[in-house]
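K.L.:
Sharing a structure, written as structure tokens. Questions coming.
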Amino acid sequence: MTRMTDPILAELDQEAATTRRVLERVPGDKLGWRPHPKSMSLGQLALHVATTPGQVAALLSQGELELPEFGNAPAATTSAELLPALEESVGRARAFLNSQTDDSVMSTWKLMKNGKLLFAVPRIGAVRSIMLNHWYHHRGQLSVYLRLLNIPVPSIYGPSADENPFV
């Protein structure tokens with residue numbers, strides 16, 4: 001019998017492969033580069049992309065989250081750490097999703113700030129929004145960083161200016 005998380009697990013695997021291709025392009029000698037003073041550095045953004053699924057899975061395993069203060073995001077110190085971080089992160093996300101029943105993913109998950117409810121959604125909605133959509137958003141930012149650094153951008157959902165999987 002199909003569980004509600006089965007399509008999400010399939011999507012996670014497909015998107016992890018795409019994310020891997022993007023992270024493989026991150027140059028180790030440019031990790032401190034940032035497109036604007038207010039932007040994350042390449043090393044910060046790349047590590048965030050690599051670790052998002054597992055970090056979000058840990059947050060969603062709780063019934064609610066008190067929104068923390070955001071400070072400086074940790075940064076990759078070498079490009080070699082990115083793919084192992086992604087594999088570990090996706091493994092944690094898979095384990096979380098595999099542990100969920102249809103009832104548990106339909107249970108309410110809450111985001112709080114200073115004890116005030118910001119929103120409450122079924123846990124599966126938080127998986128879609130906070131785990132997956134958030135991940136894709138930052139991966140898109142990372143592809144722009146690559147372009148700005150004149151690094152060939154891999155195909156993500158179709159051809160890029162540098163790569164056409166349909167040829």
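Ordering of the structure tokens sets the chain letters (A, B, ...), residue numbers begin anew at 1 in every chain, and ligands are numbered from 1 in the order given.
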Any idea what's packed within 9 Å of range 87-92 of chain A, counting only C-alpha atoms, ignoring anything in its chain fewer than 5 positions away? Could you give it as a list in words?

P.N.:
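Residues near the query, excluding close chain neighbours: Leu12, Asp13, Ala16, Arg20, Ala50, Thr51, Thr52, Pro53, Gly54, Gln55, Ala57, Ala58, Leu82 and Leu97 of chain A.
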
K.L.:
To one decimal in Å, tell me the separation between CA of Leu45 in chain A and CA of Leu149 in chain A.

P.N.:
14.1 Å

K.L.:
Provide the CA of Met131 in chain A to CA of Gly71 in chain A distance in Å, to one decimal place.

P.N.:
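CA of Gly71 in chain A lies 19.7 Å from CA of Met131 in chain A.
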
K.L.:
Please report the interatomic distance between CA of Glu64 in chain A and CA of Met112 in chain A in Å with one decimal.

P.N.:
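Spanning CA of Glu64 in chain A to CA of Met112 in chain A is a straight-line distance of 7.2 Å.
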
K.L.:
Using only C-alpha atoms, pick whichever of A:Asp162, A:Ala126, A:Gln62, A:Gln14 has the shortest atom-to-atom distance to Asn150 in chain A.

P.N.:
A:Asp162

K.L.:
As a PyMOL selection string, please: all residues of range 3-164 of chain A that backbone DSSP puts in alpha helix (DSSP H).

P.N.:
chain A and resi 6-23+42-60+82-99+102-106+123-126+134-148

K.L.:
Which residue out of A:Leu23, A:Leu42, A:Ala161, A:Leu59 has the minimum interatomic distance to Ala73 in chain A when only C-alpha atoms are used?

P.N.:
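Among A:Leu23, A:Leu42, A:Ala161, A:Leu59, it is A:Leu42 that comes nearest to Ala73 in chain A.
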